[in-house]
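K.L.:
upload_22.pdb is the file, holding PDB, C-alpha atoms, pLDDT in the B column:
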```pdb
ATOM      1  CA  MET A1229      65.484  94.689  74.017  1.00 22.00           C
ATOM      2  CA  GLY A1230      69.041  93.442  73.749  1.00 26.00           C
ATOM      3  CA  VAL A1231      69.442  89.692  73.409  1.00 24.00           C
ATOM      4  CA  PRO A1232      72.084  88.088  75.650  1.00 28.00           C
ATOM      5  CA  ALA A1233      74.682  86.076  73.743  1.00 28.00           C
ATOM      6  CA  SER A1234      73.903  83.110  75.989  1.00 27.00           C
ATOM      7  CA  GLN A1235      70.327  83.046  74.640  1.00 24.00           C
ATOM      8  CA  ARG A1236      70.798  83.670  70.912  1.00 23.00           C
ATOM      9  CA  SER A1237      73.711  83.121  68.537  1.00 25.00           C
ATOM     10  CA  CYS A1238      73.957  83.611  64.782  1.00 23.00           C
ATOM     11  CA  ARG A1239      77.630  83.804  63.886  1.00 27.00           C
ATOM     12  CA  GLY A1240      78.134  85.360  60.469  1.00 29.00           C
ATOM     13  CA  VAL A1241      75.109  87.706  60.441  1.00 30.00           C
ATOM     14  CA  PHE A1242      77.535  90.635  60.498  1.00 39.00           C
ATOM     15  CA  PRO A1243      80.442  89.323  58.362  1.00 43.00           C
ATOM     16  CA  SER A1244      82.560  92.460  58.595  1.00 50.00           C
ATOM     17  CA  PHE A1245      82.576  92.414  62.395  1.00 47.00           C
ATOM     18  CA  THR A1246      83.141  88.646  62.403  1.00 49.00           C
ATOM     19  CA  SER A1247      86.204  89.129  60.187  1.00 46.00           C
ATOM     20  CA  PHE A1248      87.464  91.854  62.503  1.00 46.00           C
ATOM     21  CA  CYS A1249      87.345  89.476  65.477  1.00 45.00           C
ATOM     22  CA  SER A1250      88.679  86.454  63.573  1.00 42.00           C
ATOM     23  CA  PHE A1251      91.722  88.279  62.284  1.00 38.00           C
ATOM     24  CA  GLY A1252      92.452  90.183  65.469  1.00 44.00           C
ATOM     25  CA  GLY A1253      91.595  93.596  64.031  1.00 45.00           C
ATOM     26  CA  ARG A1254      94.851  93.653  62.088  1.00 41.00           C
ATOM     27  CA  GLY A1255      95.486  97.049  60.450  1.00 39.00           C
ATOM     28  CA  LEU A1256      92.264  98.556  61.820  1.00 76.00           C
ATOM     29  CA  PRO A1257      93.134 100.481  65.019  1.00 84.00           C
ATOM     30  CA  ALA A1258      92.495 104.208  64.710  1.00 83.00           C
ATOM     31  CA  PRO A1259      94.789 106.501  66.734  1.00 88.00           C
ATOM     32  CA  LEU A1260      92.425 109.066  68.217  1.00 95.00           C
ATOM     33  CA  THR A1261      92.670 112.341  70.069  1.00 96.00           C
ATOM     34  CA  LEU A1262      89.839 114.568  71.227  1.00 96.00           C
ATOM     35  CA  ASN A1263      89.117 117.891  69.581  1.00 93.00           C
ATOM     36  CA  PRO A1264      89.075 120.707  72.180  1.00 92.00           C
ATOM     37  CA  ASP A1265      87.240 123.009  69.747  1.00 89.00           C
ATOM     38  CA  LYS A1266      84.287 120.602  69.800  1.00 89.00           C
ATOM     39  CA  ALA A1267      84.221 119.957  73.553  1.00 91.00           C
ATOM     40  CA  ASN A1268      81.459 121.232  75.782  1.00 89.00           C
ATOM     41  CA  SER A1269      82.741 124.010  78.047  1.00 90.00           C
ATOM     42  CA  TRP A1270      82.103 121.914  81.192  1.00 90.00           C
ATOM     43  CA  LEU A1271      84.597 119.323  79.985  1.00 94.00           C
ATOM     44  CA  GLN A1272      88.316 119.207  80.743  1.00 93.00           C
ATOM     45  CA  LEU A1273      90.826 117.657  78.342  1.00 95.00           C
ATOM     46  CA  PRO A1274      94.455 116.985  79.374  1.00 95.00           C
ATOM     47  CA  GLU A1275      97.454 117.899  77.254  1.00 95.00           C
ATOM     48  CA  ASP A1276      97.541 114.540  75.449  1.00 96.00           C
ATOM     49  CA  LEU A1277      93.834 114.925  74.464  1.00 96.00           C
ATOM     50  CA  CYS A1278      93.183 111.234  75.168  1.00 97.00           C
ATOM     51  CA  SER A1279      90.794 111.496  78.121  1.00 97.00           C
ATOM     52  CA  VAL A1280      87.988 113.756  79.282  1.00 96.00           C
ATOM     53  CA  TRP A1281      86.141 114.504  82.515  1.00 94.00           C
ATOM     54  CA  MET A1282      83.547 116.935  83.831  1.00 91.00           C
ATOM     55  CA  GLU A1283      84.693 120.079  85.663  1.00 89.00           C
ATOM     56  CA  ALA A1284      82.920 121.561  88.680  1.00 85.00           C
ATOM     57  CA  GLU A1285      82.652 124.932  86.929  1.00 83.00           C
ATOM     58  CA  ARG A1286      82.068 125.977  83.357  1.00 82.00           C
ATOM     59  CA  GLN A1287      85.199 127.130  81.550  1.00 83.00           C
ATOM     60  CA  SER A1288      85.544 130.309  79.525  1.00 82.00           C
ATOM     61  CA  LEU A1289      86.529 129.021  76.089  1.00 79.00           C
ATOM     62  CA  PRO A1290      86.861 130.557  72.621  1.00 77.00           C
ATOM     63  CA  GLU A1291      83.669 130.438  70.600  1.00 76.00           C
ATOM     64  CA  SER A1292      83.399 127.642  68.080  1.00 75.00           C
ATOM     65  CA  ARG A1293      80.469 126.868  65.814  1.00 71.00           C
ATOM     66  CA  TRP A1294      81.177 123.163  66.336  1.00 74.00           C
ATOM     67  CA  ARG A1295      81.278 123.212  70.146  1.00 83.00           C
ATOM     68  CA  PHE A1296      78.617 121.185  71.963  1.00 84.00           C
ATOM     69  CA  ASP A1297      76.697 123.596  74.170  1.00 77.00           C
ATOM     70  CA  TRP A1298      73.782 121.461  75.429  1.00 79.00           C
ATOM     71  CA  CYS A1299      75.363 118.153  76.442  1.00 86.00           C
ATOM     72  CA  ALA A1300      78.646 116.970  77.981  1.00 91.00           C
ATOM     73  CA  SER A1301      80.008 115.791  74.638  1.00 92.00           C
ATOM     74  CA  VAL A1302      83.110 115.981  72.462  1.00 93.00           C
ATOM     75  CA  LEU A1303      84.168 114.627  69.074  1.00 93.00           C
ATOM     76  CA  ALA A1304      87.471 113.130  68.060  1.00 95.00           C
ATOM     77  CA  ALA A1305      89.792 115.255  65.950  1.00 94.00           C
ATOM     78  CA  GLN A1306      89.988 112.442  63.403  1.00 94.00           C
ATOM     79  CA  GLY A1307      87.140 111.632  61.036  1.00 93.00           C
ATOM     80  CA  PHE A1308      86.693 108.710  58.657  1.00 94.00           C
ATOM     81  CA  ALA A1309      85.190 108.904  55.182  1.00 94.00           C
ATOM     82  CA  SER A1310      86.069 105.349  54.138  1.00 93.00           C
ATOM     83  CA  GLY A1311      87.582 102.091  55.321  1.00 91.00           C
ATOM     84  CA  CYS A1312      87.326 100.041  58.505  1.00 91.00           C
ATOM     85  CA  ARG A1313      88.447 101.493  61.834  1.00 91.00           C
ATOM     86  CA  CYS A1314      88.223 100.492  65.484  1.00 91.00           C
ATOM     87  CA  TRP A1315      88.874 102.244  68.766  1.00 93.00           C
ATOM     88  CA  GLU A1316      88.366 101.393  72.420  1.00 94.00           C
ATOM     89  CA  VAL A1317      87.286 103.604  75.300  1.00 96.00           C
ATOM     90  CA  GLU A1318      87.687 102.945  79.000  1.00 96.00           C
ATOM     91  CA  VAL A1319      84.438 103.770  80.789  1.00 95.00           C
ATOM     92  CA  GLY A1320      85.316 102.094  84.098  1.00 95.00           C
ATOM     93  CA  ASP A1321      82.545 102.233  86.663  1.00 92.00           C
ATOM     94  CA  LYS A1322      80.637 105.095  85.036  1.00 93.00           C
ATOM     95  CA  THR A1323      76.904 104.648  85.521  1.00 91.00           C
ATOM     96  CA  GLU A1324      75.922 106.456  82.319  1.00 91.00           C
ATOM     97  CA  TRP A1325      77.763 107.277  79.112  1.00 92.00           C
ATOM     98  CA  VAL A1326      77.270 107.491  75.362  1.00 90.00           C
ATOM     99  CA  LEU A1327      79.568 106.362  72.549  1.00 92.00           C
ATOM    100  CA  GLY A1328      79.011 106.390  68.819  1.00 90.00           C
ATOM    101  CA  VAL A1329      79.756 108.286  65.643  1.00 91.00           C
ATOM    102  CA  ALA A1330      78.422 111.592  64.358  1.00 88.00           C
ATOM    103  CA  ARG A1331      78.526 113.754  61.294  1.00 82.00           C
ATOM    104  CA  ARG A1332      80.348 117.079  61.553  1.00 70.00           C
ATOM    105  CA  GLU A1333      77.197 118.953  60.554  1.00 60.00           C
ATOM    106  CA  GLY A1334      73.689 118.192  61.713  1.00 51.00           C
ATOM    107  CA  TYR A1335      74.702 116.019  64.672  1.00 50.00           C
ATOM    108  CA  GLN A1336      72.392 113.074  65.217  1.00 49.00           C
ATOM    109  CA  VAL A1337      73.641 111.086  68.153  1.00 45.00           C
ATOM    110  CA  VAL A1338      70.822 108.961  69.560  1.00 50.00           C
ATOM    111  CA  THR A1339      68.662 106.381  67.819  1.00 56.00           C
ATOM    112  CA  GLU A1340      64.986 106.684  68.577  1.00 59.00           C
ATOM    113  CA  PRO A1341      63.637 104.981  70.524  1.00 68.00           C
ATOM    114  CA  PRO A1342      66.658 103.931  72.614  1.00 69.00           C
ATOM    115  CA  THR A1343      67.221 100.164  72.752  1.00 72.00           C
ATOM    116  CA  PRO A1344      68.012  98.703  76.219  1.00 74.00           C
ATOM    117  CA  LEU A1345      70.733  96.063  76.269  1.00 76.00           C
ATOM    118  CA  THR A1346      70.564  93.046  78.558  1.00 77.00           C
ATOM    119  CA  LEU A1347      74.090  92.570  79.915  1.00 78.00           C
ATOM    120  CA  GLU A1348      75.254  90.324  82.724  1.00 79.00           C
ATOM    121  CA  HIS A1349      78.102  92.735  83.497  1.00 80.00           C
ATOM    122  CA  GLY A1350      78.677  96.288  82.340  1.00 85.00           C
ATOM    123  CA  PRO A1351      81.871  96.533  80.226  1.00 92.00           C
ATOM    124  CA  LEU A1352      84.834  98.418  81.675  1.00 94.00           C
ATOM    125  CA  THR A1353      86.199  99.139  78.203  1.00 95.00           C
ATOM    126  CA  VAL A1354      83.986  99.452  75.140  1.00 93.00           C
ATOM    127  CA  GLY A1355      85.195  98.931  71.596  1.00 92.00           C
ATOM    128  CA  VAL A1356      83.692 100.585  68.543  1.00 92.00           C
ATOM    129  CA  TYR A1357      84.177  99.103  65.062  1.00 91.00           C
ATOM    130  CA  LEU A1358      83.267 101.238  62.035  1.00 92.00           C
ATOM    131  CA  ASP A1359      82.959  99.758  58.550  1.00 91.00           C
ATOM    132  CA  HIS A1360      82.185 102.827  56.445  1.00 92.00           C
ATOM    133  CA  GLU A1361      81.575 101.101  53.101  1.00 91.00           C
ATOM    134  CA  GLY A1362      79.798  98.190  54.767  1.00 90.00           C
ATOM    135  CA  GLY A1363      77.433 100.568  56.570  1.00 91.00           C
ATOM    136  CA  GLN A1364      78.089  99.139  60.004  1.00 90.00           C
ATOM    137  CA  VAL A1365      78.951 100.393  63.481  1.00 90.00           C
ATOM    138  CA  SER A1366      79.472  97.610  66.025  1.00 90.00           C
ATOM    139  CA  PHE A1367      80.052  97.840  69.753  1.00 91.00           C
ATOM    140  CA  TYR A1368      81.843  95.188  71.781  1.00 91.00           C
ATOM    141  CA  ASP A1369      83.127  94.495  75.282  1.00 91.00           C
ATOM    142  CA  ALA A1370      86.876  94.933  74.770  1.00 90.00           C
ATOM    143  CA  GLY A1371      87.695  92.774  77.793  1.00 89.00           C
ATOM    144  CA  SER A1372      85.935  89.650  76.533  1.00 86.00           C
ATOM    145  CA  MET A1373      85.531  90.581  72.833  1.00 85.00           C
ATOM    146  CA  THR A1374      81.805  89.995  73.250  1.00 87.00           C
ATOM    147  CA  HIS A1375      79.518  91.648  70.734  1.00 88.00           C
ATOM    148  CA  LEU A1376      77.087  94.165  72.267  1.00 89.00           C
ATOM    149  CA  TYR A1377      75.205  95.728  69.376  1.00 87.00           C
ATOM    150  CA  THR A1378      75.491  96.442  65.652  1.00 88.00           C
ATOM    151  CA  PHE A1379      73.940  99.462  63.990  1.00 86.00           C
ATOM    152  CA  ALA A1380      73.390  99.342  60.197  1.00 86.00           C
ATOM    153  CA  HIS A1381      73.131 102.393  57.969  1.00 86.00           C
ATOM    154  CA  THR A1382      74.352 103.674  54.602  1.00 89.00           C
ATOM    155  CA  PHE A1383      77.101 106.222  55.268  1.00 89.00           C
ATOM    156  CA  SER A1384      77.887 108.942  52.737  1.00 90.00           C
ATOM    157  CA  GLU A1385      79.786 111.484  54.824  1.00 90.00           C
ATOM    158  CA  THR A1386      82.792 111.687  57.115  1.00 93.00           C
ATOM    159  CA  LEU A1387      82.050 110.242  60.549  1.00 93.00           C
ATOM    160  CA  TYR A1388      83.689 111.340  63.792  1.00 93.00           C
ATOM    161  CA  PRO A1389      83.933 109.263  66.977  1.00 94.00           C
ATOM    162  CA  TYR A1390      81.533 110.709  69.541  1.00 93.00           C
ATOM    163  CA  PHE A1391      81.891 110.712  73.339  1.00 94.00           C
ATOM    164  CA  CYS A1392      79.428 111.881  75.995  1.00 92.00           C
ATOM    165  CA  LEU A1393      80.103 111.667  79.727  1.00 93.00           C
ATOM    166  CA  CYS A1394      76.513 112.445  80.813  1.00 91.00           C
ATOM    167  CA  LEU A1395      75.842 114.212  84.112  1.00 90.00           C
ATOM    168  CA  THR A1396      77.971 113.404  87.157  1.00 91.00           C
ATOM    169  CA  ASP A1397      74.925 112.462  89.277  1.00 91.00           C
ATOM    170  CA  GLY A1398      76.339 113.901  92.485  1.00 89.00           C
ATOM    171  CA  GLY A1399      79.719 112.257  91.937  1.00 91.00           C
ATOM    172  CA  LYS A1400      78.395 108.769  91.157  1.00 92.00           C
ATOM    173  CA  ASN A1401      79.216 109.216  87.467  1.00 94.00           C
ATOM    174  CA  ALA A1402      82.307 111.409  87.765  1.00 93.00           C
ATOM    175  CA  GLU A1403      84.896 109.015  86.305  1.00 95.00           C
ATOM    176  CA  PRO A1404      86.639 110.163  83.128  1.00 96.00           C
ATOM    177  CA  MET A1405      86.437 108.462  79.757  1.00 97.00           C
ATOM    178  CA  LYS A1406      89.820 107.421  78.361  1.00 97.00           C
ATOM    179  CA  ILE A1407      90.774 106.524  74.797  1.00 97.00           C
ATOM    180  CA  CYS A1408      92.895 103.375  74.694  1.00 94.00           C
ATOM    181  CA  GLN A1409      95.869 103.551  72.354  1.00 85.00           C
ATOM    182  CA  LEU A1410      95.665 100.453  70.172  1.00 81.00           C
ATOM    183  CA  THR A1411      98.200  98.950  67.814  1.00 68.00           C
ATOM    184  CA  SER A1412      97.783  96.289  65.128  1.00 60.00           C
ATOM    185  CA  GLN A1413      98.982  93.767  67.722  1.00 57.00           C
ATOM    186  CA  SER A1414      96.522  94.890  70.401  1.00 56.00           C
ATOM    187  CA  ARG A1415      93.723  92.478  69.502  1.00 52.00           C
ATOM    188  CA  HIS A1416      94.078  88.751  69.973  1.00 44.00           C
ATOM    189  CA  HIS A1417      92.277  85.981  68.099  1.00 38.00           C
ATOM    190  CA  LEU A1418      89.244  85.634  70.330  1.00 39.00           C
ATOM    191  CA  PRO A1419      85.902  83.994  69.560  1.00 40.00           C
ATOM    192  CA  VAL A1420      82.885  86.241  69.325  1.00 45.00           C
ATOM    193  CA  THR A1421      79.174  85.429  69.586  1.00 44.00           C
ATOM    194  CA  LEU A1422      76.880  87.723  67.647  1.00 40.00           C
ATOM    195  CA  PRO A1423      73.280  88.184  68.769  1.00 41.00           C
ATOM    196  CA  ALA A1424      70.600  88.522  66.103  1.00 39.00           C
ATOM    197  CA  HIS A1425      70.026  92.203  66.704  1.00 39.00           C
ATOM    198  CA  SER A1426      70.674  95.164  64.447  1.00 43.00           C
ATOM    199  CA  ASP A1427      69.284  98.653  64.023  1.00 44.00           C
ATOM    200  CA  THR A1428      68.324  99.920  60.586  1.00 37.00           C
ATOM    201  CA  SER A1429      66.981 103.344  61.564  1.00 34.00           C
ATOM    202  CA  SER A1430      68.180 106.517  59.853  1.00 28.00           C
ATOM    203  CA  THR A1431      70.389 107.904  62.601  1.00 30.00           C
ATOM    204  CA  THR A1432      74.147 107.498  62.689  1.00 29.00           C
ATOM    205  CA  THR A1433      75.006 106.538  66.239  1.00 33.00           C
ATOM    206  CA  ARG A1434      74.274 104.064  68.949  1.00 34.00           C
ATOM    207  CA  HIS A1435      73.241 105.160  72.448  1.00 38.00           C
ATOM    208  CA  LEU A1436      74.607 102.670  75.008  1.00 39.00           C
ATOM    209  CA  HIS A1437      74.089 102.510  78.753  1.00 39.00           C
ATOM    210  CA  PRO A1438      75.540  99.837  81.030  1.00 38.00           C
ATOM    211  CA  SER A1439      72.762  98.028  82.857  1.00 35.00           C
TER
END
```
When written as C-alpha cells, how does the structure in this file appear?
P.N.:
Amino acid sequence: MGVPASQRSCRGVFPSFTSFCSFGGRGLPAPLTLNPDKANSWLQLPEDLCSVWMEAERQSLPESRWRFDWCASVLAAQGFASGCRCWEVEVGDKTEWVLGVARREGYQVVTEPPTPLTLEHGPLTVGVYLDHEGGQVSFYDAGSMTHLYTFAHTFSETLYPYFCLCLTDGGKNAEPMKICQLTSQSRHHLPVTLPAHSDTSSTTTRHLHPS
C-alpha cells in the first residue's frame, strides 16, 4: 500500500530525487515527442506529437515491429541511456492511466503485483524523474511537487518514456494525455516530503492509477 506523506516522512531516503526538488530540476527537463511508429493503431497523435487520445475506430497504419498491438500505449521518440531527466504529463480527470519507462525490446511495463497508492487527491499532472545511473524512477504530483512513488532498479539499457491511456470506459476515461513542455526555469524551489516506500523488483516501470 502507498503511504500518505502526512503519515510518514523520511526526507533524504532518495537523495537524487531530493536534489531534483531542492534545485528546481535545473538542467533536467527532457523535451519529448511521441513516436507514431510505436503507437497502438487505436491511438491518434496530432501533428506536434505532444498529446494522444483514443479514436472510435482502429486506424490502418503501416506495419511496425515496435508498434503496440495489445494495449492503448505509445513510447516517446526520445530514449535515455544515461543522465537525469524529467518530464511531466497532463492526465486531467482520466480515471485510469499508466506512465513509466520501458526498454525498446522486451517491453516490461507493469510491476507485479501492482502497488495501490493512497492519495487524498488524484494528480492532474504527473511528473516522472529518471536517474539512469542512480537506478531510480520517481513519480510526483507536478502541481504540488509531492512525491508519489519511487521505483529502484539497475538500468543497463536505453529507456523510453511510456504512456498508456487505458480503455475509454464508455467515455468516462476519454480525455487525452498531454506532454508538458518544460524548460530549466519550469520548476520552482518547492519542499517535498518523501514517503518510505520504494520498489526493488526486476521490472522497469511503475504502474500508477489515481485513486
K.L.:
Name the closest residue to A:Val1317 among the candidates A:Gly1350, A:Pro1404, A:Gly1355, A:Pro1257; distances are taken between atoms, counting all atoms listed in the file.
P.N.:
A:Gly1355
K.L.:
Quick one: which residues end up in the PyMOL selection byres ((chain A and resi 1283) around 10) for this structure, as number ranges by chain?
P.N.:
A: 1269-1273, 1280-1282, 1284-1287, 1396, 1402
K.L.:
Rounded to one decimal in Å, what is the spacing between atom CA of A:Val1354 and atom CA of A:Tyr1368?
P.N.:
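Rounded to one decimal, the two atoms are 5.8 Å apart.
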K.L.:
Applying the PyMOL selection byres ((chain A and resi 1261-1263) around 6) to the file I just gave you, which residues come out? Please list them as JSON, numbers by chain.
P.N.:
{"A": [1260, 1264, 1265, 1266, 1277, 1278, 1303, 1304, 1305]}
K.L.:
Atom CA of A:Glu1316 and atom CA of A:His1381, how far apart in Å?
P.N.:
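Atom CA of A:His1381 sits 21.0 Å away from atom CA of A:Glu1316.
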K.L.:
Got a sec: who's within 9 Å of A:Cys1394, counting all atoms listed in the file, leaving out chain neighbours fewer than 6 positions off, as a ChimeraX atom specification?
P.N.:
/A:1282,1299-1301,1324-1326,1401
K.L.:
Could you spell out the hits of the PyMOL selection byres ((chain A and resi 1293) around 12) on the shown file, as a list of chain:residue names?
P.N.:
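Output of the PyMOL selection byres ((chain A and resi 1293) around 12): A:Asp1265, A:Lys1266, A:Ala1267, A:Asn1268, A:Pro1290, A:Glu1291, A:Ser1292, A:Trp1294, A:Arg1295, A:Phe1296, A:Asp1297, A:Arg1332, A:Glu1333, A:Gly1334.
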K.L.:
What does the structure give for the distance between atom CA of A:Trp1315 and atom CA of A:Tyr1388, in Å to one decimal?
P.N.:
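Computing it gives 11.6 Å between the two atoms.
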K.L.:
Taking all atoms of stretch 1314-1326 of chain A that appear in the file, build a box with edges along x, y and z, extend it by 8 Å on every side, and state its centre and edge lengths in Å to one decimal, as lines of an AutoDock Vina configuration file.
P.N.:
```
center_x = 82.4
center_y = 104.0
center_z = 76.1
size_x = 29.0
size_y = 23.0
size_z = 37.2
```
K.L.:
Using all atoms listed in the file, which residues sit within 7 Å of stretch 1318-1323 of chain A once same-chain residues fewer than 3 positions away are excluded, as a PyMOL selection string?
P.N.:
chain A and resi 1352-1354+1401+1403+1405-1408+1438
K.L.:
For stretch 1354-1366 of chain A, supply N, CA and C atoms and format the output as a compact mmCIF listing (two decimals), in the coordinates of the input.
P.N.:
```
# COMPACT_ATOMS: atom_id res chain seq x y z
N VAL A 1354 84.89 99.70 76.26
CA VAL A 1354 83.99 99.45 75.14
C VAL A 1354 84.72 99.71 73.83
N GLY A 1355 84.62 98.77 72.91
CA GLY A 1355 85.20 98.93 71.60
C GLY A 1355 84.14 99.34 70.59
N VAL A 1356 84.57 100.16 69.63
CA VAL A 1356 83.69 100.58 68.54
C VAL A 1356 84.38 100.20 67.23
N TYR A 1357 83.65 99.53 66.36
CA TYR A 1357 84.18 99.10 65.06
C TYR A 1357 83.34 99.73 63.97
N LEU A 1358 83.94 100.55 63.13
CA LEU A 1358 83.27 101.24 62.04
C LEU A 1358 83.69 100.64 60.70
N ASP A 1359 82.74 100.19 59.93
CA ASP A 1359 82.96 99.76 58.55
C ASP A 1359 82.18 100.73 57.67
N HIS A 1360 82.86 101.74 57.14
CA HIS A 1360 82.18 102.83 56.44
C HIS A 1360 81.47 102.33 55.20
N GLU A 1361 82.19 101.61 54.33
CA GLU A 1361 81.58 101.10 53.10
C GLU A 1361 80.52 100.04 53.39
N GLY A 1362 80.75 99.24 54.41
CA GLY A 1362 79.80 98.19 54.77
C GLY A 1362 78.57 98.70 55.50
N GLY A 1363 78.58 99.99 55.89
CA GLY A 1363 77.43 100.57 56.57
C GLY A 1363 77.16 99.94 57.92
N GLN A 1364 78.21 99.87 58.75
CA GLN A 1364 78.09 99.14 60.00
C GLN A 1364 78.89 99.82 61.11
N VAL A 1365 78.26 99.99 62.26
CA VAL A 1365 78.95 100.39 63.48
C VAL A 1365 78.64 99.34 64.53
N SER A 1366 79.66 98.66 65.02
CA SER A 1366 79.47 97.61 66.03
C SER A 1366 80.13 98.02 67.34
```
